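Down below is the structure, laid out as structure tokens.
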Amino acid sequence: LAGLFVSLAISGLIGAAFMLGRAAGMRHGLTGAGRDEAVLEGEIYQLSERVDELSARLVDIAEREERIMLAGAGLNMDFSSLLPGSALSDPESEQELFRYIDDIDLRLVLAERLAEAELEAYDSLAAHFLEITEQLRRIPSIWPAEGYYVSDFGSRIDPFTGAVRRHQGIDIAEGTGTPIYAPADGVVTFCGWTSGYGLEVIVRHTARISTRFAHCSSVCVTVGQSVRRGDLLSRMGMTGRAVGPHLHYEVLCDGVQIDPDDFIIRTGARQSVF
């Protein structure tokens, strides 16, 4: 009898809890489909919050990228037409719930388009900086050899005649055999002997810019060879018209000599960097 009494008491408590829960659910209108709808609304609301956060982050990225492109690359790209609008209001009816879902879908589409535009913009920016990097690699911006800077570009007294003549490059003096390096990427277009210059090397860096290295004692490259900045070209000597071992270095633009100092990047009184 005691066991039967306990069983009846437990059954009564379970039944009472069920009836109380059902009554509470009816008071709040959450029976059957109502509960499912409430859960659905909660999940949709959470999804909307995540879409809003994603949109805000994409907007921030777009604004930063516009500033970078305008300042660093001169590219003016407008993402304003792809930016999501204001936040959505909570739905209050079934019809508004479906419109709410459509609005979320539209915001996702806009976010996807903005993300695609960002990828295209980054590709454009990367291509631009790769092009700039390629151009910079072909500018003769380093000292071609170690040594003493003994003669400037421009007018000077000729060491052989004593007359004032225009010096078409710069002279760097050091011992015979001192390495001479490529000041930029390019292609070797000439290796050989010429009057006055002695044994020389010419490297073409762009369609307009070339460099000449004269009075060499030996050459370490061949015509048609591609070289990178810092590659060994030749060694210093005193071949041709020279009073001592040195490098006569020229930069030519469209075949006309210009001042090499205008291209050399310095990190001190007379230094440059590779």
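To be explicit about the labels: the chains of the structure tokens are called A, B, and onward in the order shown, and within each one the residues are counted from 1, while ligands get numbers from 1 in the order they are shown.
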
Just list as a PyMOL selection string whatever in range 123-155 of chain A DSSP marks as strand (DSSP E or B). chain A and resi 148-151+154-155

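Those residues that approach Val221 in chain A to within 9 Å, counting only C-alpha atoms, are Val188, Cys191, Val201, Val227, Leu232, Leu233 and Ser234 of chain A; same-chain residues fewer than 5 positions away are not listed.
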
Save out the residues we just selected, N, CA and C atoms, as a PDB file, in the first residue's frame.
ATOM      1  N   VAL A 188      71.912  43.203 -70.054  1.00  0.00           N
ATOM      2  CA  VAL A 188      73.198  43.645 -70.594  1.00  0.00           C
ATOM      3  C   VAL A 188      73.070  43.788 -72.106  1.00  0.00           C
ATOM      4  N   CYS A 191      79.095  44.568 -74.074  1.00  0.00           N
ATOM      5  CA  CYS A 191      80.325  44.263 -73.341  1.00  0.00           C
ATOM      6  C   CYS A 191      81.466  44.324 -74.352  1.00  0.00           C
ATOM      7  N   VAL A 201      80.821  48.030 -69.918  1.00  0.00           N
ATOM      8  CA  VAL A 201      79.568  47.279 -69.893  1.00  0.00           C
ATOM      9  C   VAL A 201      78.425  48.287 -69.931  1.00  0.00           C
ATOM     10  N   VAL A 227      70.115  40.828 -65.416  1.00  0.00           N
ATOM     11  CA  VAL A 227      70.777  41.030 -64.122  1.00  0.00           C
ATOM     12  C   VAL A 227      69.794  41.650 -63.145  1.00  0.00           C
ATOM     13  N   LEU A 232      76.959  41.061 -59.759  1.00  0.00           N
ATOM     14  CA  LEU A 232      78.300  41.451 -60.195  1.00  0.00           C
ATOM     15  C   LEU A 232      78.316  41.620 -61.712  1.00  0.00           C
ATOM     16  N   LEU A 233      78.790  42.783 -62.176  1.00  0.00           N
ATOM     17  CA  LEU A 233      78.878  43.068 -63.614  1.00  0.00           C
ATOM     18  C   LEU A 233      80.307  42.939 -64.125  1.00  0.00           C
ATOM     19  N   SER A 234      81.239  43.580 -63.413  1.00  0.00           N
ATOM     20  CA  SER A 234      82.618  43.650 -63.888  1.00  0.00           C
ATOM     21  C   SER A 234      83.524  44.023 -62.722  1.00  0.00           C
TER      22      SER A 234
END

Need the shell around Arg228 in chain A: protein/DNA/RNA residues with any atom at most 12 Å away, counting only C-alpha atoms. Skip same-chain ones fewer than 2 positions apart. Format as a PDB file with N, CA and C atoms, in the first residue's frame?
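Produced file around_27.pdb, reproduced below:
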ATOM      1  N   GLU A 134      57.963  46.905 -59.629  1.00  0.00           N
ATOM      2  CA  GLU A 134      58.732  46.559 -60.817  1.00  0.00           C
ATOM      3  C   GLU A 134      59.464  47.786 -61.362  1.00  0.00           C
ATOM      4  N   LEU A 136      60.429  50.435 -59.610  1.00  0.00           N
ATOM      5  CA  LEU A 136      61.492  50.807 -58.673  1.00  0.00           C
ATOM      6  C   LEU A 136      62.705  49.890 -58.806  1.00  0.00           C
ATOM      7  N   ARG A 137      62.471  48.610 -59.120  1.00  0.00           N
ATOM      8  CA  ARG A 137      63.603  47.691 -59.285  1.00  0.00           C
ATOM      9  C   ARG A 137      64.479  48.073 -60.471  1.00  0.00           C
ATOM     10  N   ARG A 138      63.938  48.855 -61.395  1.00  0.00           N
ATOM     11  CA  ARG A 138      64.670  49.216 -62.616  1.00  0.00           C
ATOM     12  C   ARG A 138      65.221  50.641 -62.582  1.00  0.00           C
ATOM     13  N   ILE A 139      65.171  51.269 -61.427  1.00  0.00           N
ATOM     14  CA  ILE A 139      65.771  52.596 -61.269  1.00  0.00           C
ATOM     15  C   ILE A 139      67.164  52.420 -60.663  1.00  0.00           C
ATOM     16  N   PRO A 140      68.228  52.954 -61.299  1.00  0.00           N
ATOM     17  CA  PRO A 140      69.600  52.781 -60.796  1.00  0.00           C
ATOM     18  C   PRO A 140      69.855  53.614 -59.543  1.00  0.00           C
ATOM     19  N   TYR A 181      78.844  46.519 -59.368  1.00  0.00           N
ATOM     20  CA  TYR A 181      77.541  45.854 -59.274  1.00  0.00           C
ATOM     21  C   TYR A 181      76.468  46.589 -60.087  1.00  0.00           C
ATOM     22  N   ALA A 182      75.470  45.820 -60.506  1.00  0.00           N
ATOM     23  CA  ALA A 182      74.323  46.410 -61.209  1.00  0.00           C
ATOM     24  C   ALA A 182      73.526  47.282 -60.238  1.00  0.00           C
ATOM     25  N   PRO A 183      73.273  48.538 -60.597  1.00  0.00           N
ATOM     26  CA  PRO A 183      72.519  49.424 -59.698  1.00  0.00           C
ATOM     27  C   PRO A 183      71.008  49.218 -59.769  1.00  0.00           C
ATOM     28  N   ALA A 184      70.556  48.380 -60.707  1.00  0.00           N
ATOM     29  CA  ALA A 184      69.127  48.113 -60.863  1.00  0.00           C
ATOM     30  C   ALA A 184      68.958  46.896 -61.755  1.00  0.00           C
ATOM     31  N   ASP A 185      67.743  46.354 -61.796  1.00  0.00           N
ATOM     32  CA  ASP A 185      67.449  45.235 -62.697  1.00  0.00           C
ATOM     33  C   ASP A 185      67.556  45.699 -64.145  1.00  0.00           C
ATOM     34  N   GLY A 186      67.961  44.800 -65.019  1.00  0.00           N
ATOM     35  CA  GLY A 186      68.051  45.158 -66.427  1.00  0.00           C
ATOM     36  C   GLY A 186      68.620  44.037 -67.273  1.00  0.00           C
ATOM     37  N   VAL A 187      68.996  44.383 -68.504  1.00  0.00           N
ATOM     38  CA  VAL A 187      69.563  43.429 -69.453  1.00  0.00           C
ATOM     39  C   VAL A 187      70.854  44.019 -70.009  1.00  0.00           C
ATOM     40  N   VAL A 188      71.912  43.203 -70.054  1.00  0.00           N
ATOM     41  CA  VAL A 188      73.198  43.645 -70.594  1.00  0.00           C
ATOM     42  C   VAL A 188      73.070  43.788 -72.106  1.00  0.00           C
ATOM     43  N   VAL A 203      74.139  48.424 -69.505  1.00  0.00           N
ATOM     44  CA  VAL A 203      72.936  47.699 -69.084  1.00  0.00           C
ATOM     45  C   VAL A 203      71.709  48.565 -69.373  1.00  0.00           C
ATOM     46  N   ARG A 204      70.722  47.981 -70.032  1.00  0.00           N
ATOM     47  CA  ARG A 204      69.448  48.680 -70.281  1.00  0.00           C
ATOM     48  C   ARG A 204      68.466  48.288 -69.179  1.00  0.00           C
ATOM     49  N   HIS A 205      67.937  49.289 -68.482  1.00  0.00           N
ATOM     50  CA  HIS A 205      67.017  49.044 -67.370  1.00  0.00           C
ATOM     51  C   HIS A 205      65.562  49.215 -67.784  1.00  0.00           C
ATOM     52  N   VAL A 221      79.794  39.426 -67.138  1.00  0.00           N
ATOM     53  CA  VAL A 221      78.477  39.151 -67.723  1.00  0.00           C
ATOM     54  C   VAL A 221      78.617  39.043 -69.236  1.00  0.00           C
ATOM     55  N   GLN A 225      72.284  38.970 -71.136  1.00  0.00           N
ATOM     56  CA  GLN A 225      72.064  38.407 -69.794  1.00  0.00           C
ATOM     57  C   GLN A 225      71.203  39.338 -68.954  1.00  0.00           C
ATOM     58  N   SER A 226      70.214  38.783 -68.267  1.00  0.00           N
ATOM     59  CA  SER A 226      69.399  39.563 -67.331  1.00  0.00           C
ATOM     60  C   SER A 226      70.135  39.654 -65.999  1.00  0.00           C
ATOM     61  N   GLY A 230      72.416  44.584 -57.625  1.00  0.00           N
ATOM     62  CA  GLY A 230      73.399  43.969 -56.750  1.00  0.00           C
ATOM     63  C   GLY A 230      74.186  42.843 -57.387  1.00  0.00           C
ATOM     64  N   ASP A 231      73.819  42.412 -58.613  1.00  0.00           N
ATOM     65  CA  ASP A 231      74.590  41.375 -59.301  1.00  0.00           C
ATOM     66  C   ASP A 231      75.942  41.922 -59.755  1.00  0.00           C
ATOM     67  N   LEU A 232      76.959  41.061 -59.759  1.00  0.00           N
ATOM     68  CA  LEU A 232      78.300  41.451 -60.195  1.00  0.00           C
ATOM     69  C   LEU A 232      78.316  41.620 -61.712  1.00  0.00           C
ATOM     70  N   LEU A 233      78.790  42.783 -62.176  1.00  0.00           N
ATOM     71  CA  LEU A 233      78.878  43.068 -63.614  1.00  0.00           C
ATOM     72  C   LEU A 233      80.307  42.939 -64.125  1.00  0.00           C
ATOM     73  N   PHE A 274      71.386  48.705 -50.830  1.00  0.00           N
ATOM     74  CA  PHE A 274      70.947  47.710 -51.831  1.00  0.00           C
ATOM     75  C   PHE A 274      69.484  47.425 -51.618  1.00  0.00           C
TER      76      PHE A 274
END

Using only C-alpha atoms, which residues sit within 12 Å of Gly240 in chain A once same-chain residues fewer than 3 positions away are excluded, as a VMD selection string? chain A and resid 192 to 200 214 to 217 237 243 to 248

Write the residues of the preceding selection, restricted to C-alpha atoms, as a PDB file, in the first residue's frame.
ATOM      1  CA  GLY A 192      83.539  45.245 -75.064  1.00  0.00           C
ATOM      2  CA  TRP A 193      86.191  47.797 -75.904  1.00  0.00           C
ATOM      3  CA  THR A 194      85.542  51.346 -77.074  1.00  0.00           C
ATOM      4  CA  SER A 195      87.791  54.329 -77.613  1.00  0.00           C
ATOM      5  CA  GLY A 196      88.255  56.384 -74.461  1.00  0.00           C
ATOM      6  CA  TYR A 197      86.029  54.167 -72.290  1.00  0.00           C
ATOM      7  CA  GLY A 198      88.278  51.105 -72.585  1.00  0.00           C
ATOM      8  CA  LEU A 199      86.583  47.875 -71.500  1.00  0.00           C
ATOM      9  CA  GLU A 200      82.979  48.747 -70.675  1.00  0.00           C
ATOM     10  CA  ALA A 214      83.808  52.143 -68.129  1.00  0.00           C
ATOM     11  CA  HIS A 215      87.560  51.494 -67.647  1.00  0.00           C
ATOM     12  CA  CYS A 216      86.925  47.925 -66.398  1.00  0.00           C
ATOM     13  CA  SER A 217      89.725  45.414 -65.968  1.00  0.00           C
ATOM     14  CA  GLY A 237      90.478  48.889 -63.791  1.00  0.00           C
ATOM     15  CA  VAL A 243      95.040  58.059 -65.104  1.00  0.00           C
ATOM     16  CA  GLY A 244      94.423  55.385 -62.476  1.00  0.00           C
ATOM     17  CA  PRO A 245      92.090  52.524 -61.551  1.00  0.00           C
ATOM     18  CA  HIS A 246      88.545  53.827 -61.201  1.00  0.00           C
ATOM     19  CA  LEU A 247      84.982  53.362 -62.404  1.00  0.00           C
ATOM     20  CA  HIS A 248      83.517  55.931 -64.780  1.00  0.00           C
TER      21      HIS A 248
END

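Considering the residues A:Ile265, A:Phe153, A:Ala62, A:Asp52 and counting only C-alpha atoms, Glu116 in chain A has its shortest atom-to-atom contact with A:Ala62.
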
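If you look at CA of Ser155 in chain A and CA of Thr211 in chain A, they are 20.0 Å away from each other.
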
Please identify the helix (DSSP H, G or I) residues within range 107-195 of chain A (assignment by DSSP from backbone atoms) and present them as a VMD selection string. chain A and resid 107 to 137

If you keep C-alpha atoms, can you produce a file of those selected residues as a PDB file, in the first residue's frame?
ATOM      1  CA  ARG A 107      21.217  42.923 -46.650  1.00  0.00           C
ATOM      2  CA  LEU A 108      23.117  39.680 -47.195  1.00  0.00           C
ATOM      3  CA  VAL A 109      23.098  40.267 -50.966  1.00  0.00           C
ATOM      4  CA  LEU A 110      24.472  43.793 -50.434  1.00  0.00           C
ATOM      5  CA  ALA A 111      27.109  42.468 -48.062  1.00  0.00           C
ATOM      6  CA  GLU A 112      28.126  39.830 -50.630  1.00  0.00           C
ATOM      7  CA  ARG A 113      28.382  42.462 -53.374  1.00  0.00           C
ATOM      8  CA  LEU A 114      30.441  44.693 -51.107  1.00  0.00           C
ATOM      9  CA  ALA A 115      32.749  41.779 -50.308  1.00  0.00           C
ATOM     10  CA  GLU A 116      33.162  41.069 -54.044  1.00  0.00           C
ATOM     11  CA  ALA A 117      33.899  44.740 -54.688  1.00  0.00           C
ATOM     12  CA  GLU A 118      36.470  44.673 -51.879  1.00  0.00           C
ATOM     13  CA  LEU A 119      38.213  41.692 -53.472  1.00  0.00           C
ATOM     14  CA  GLU A 120      38.324  43.460 -56.855  1.00  0.00           C
ATOM     15  CA  ALA A 121      39.634  46.606 -55.177  1.00  0.00           C
ATOM     16  CA  TYR A 122      42.373  44.689 -53.363  1.00  0.00           C
ATOM     17  CA  ASP A 123      43.340  43.009 -56.653  1.00  0.00           C
ATOM     18  CA  SER A 124      43.591  46.448 -58.314  1.00  0.00           C
ATOM     19  CA  LEU A 125      45.640  47.789 -55.421  1.00  0.00           C
ATOM     20  CA  ALA A 126      47.960  44.769 -55.461  1.00  0.00           C
ATOM     21  CA  ALA A 127      48.449  45.082 -59.235  1.00  0.00           C
ATOM     22  CA  HIS A 128      49.229  48.787 -58.859  1.00  0.00           C
ATOM     23  CA  PHE A 129      51.859  48.249 -56.175  1.00  0.00           C
ATOM     24  CA  LEU A 130      53.377  45.317 -58.066  1.00  0.00           C
ATOM     25  CA  GLU A 131      53.757  47.620 -61.076  1.00  0.00           C
ATOM     26  CA  ILE A 132      55.354  50.309 -58.886  1.00  0.00           C
ATOM     27  CA  THR A 133      57.683  47.701 -57.354  1.00  0.00           C
ATOM     28  CA  GLU A 134      58.732  46.559 -60.817  1.00  0.00           C
ATOM     29  CA  GLN A 135      59.448  50.158 -61.830  1.00  0.00           C
ATOM     30  CA  LEU A 136      61.492  50.807 -58.673  1.00  0.00           C
ATOM     31  CA  ARG A 137      63.603  47.691 -59.285  1.00  0.00           C
TER      32      ARG A 137
END

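With CA of Val51 in chain A on one side and CA of Leu106 in chain A on the other, the separation reads 10.4 Å.
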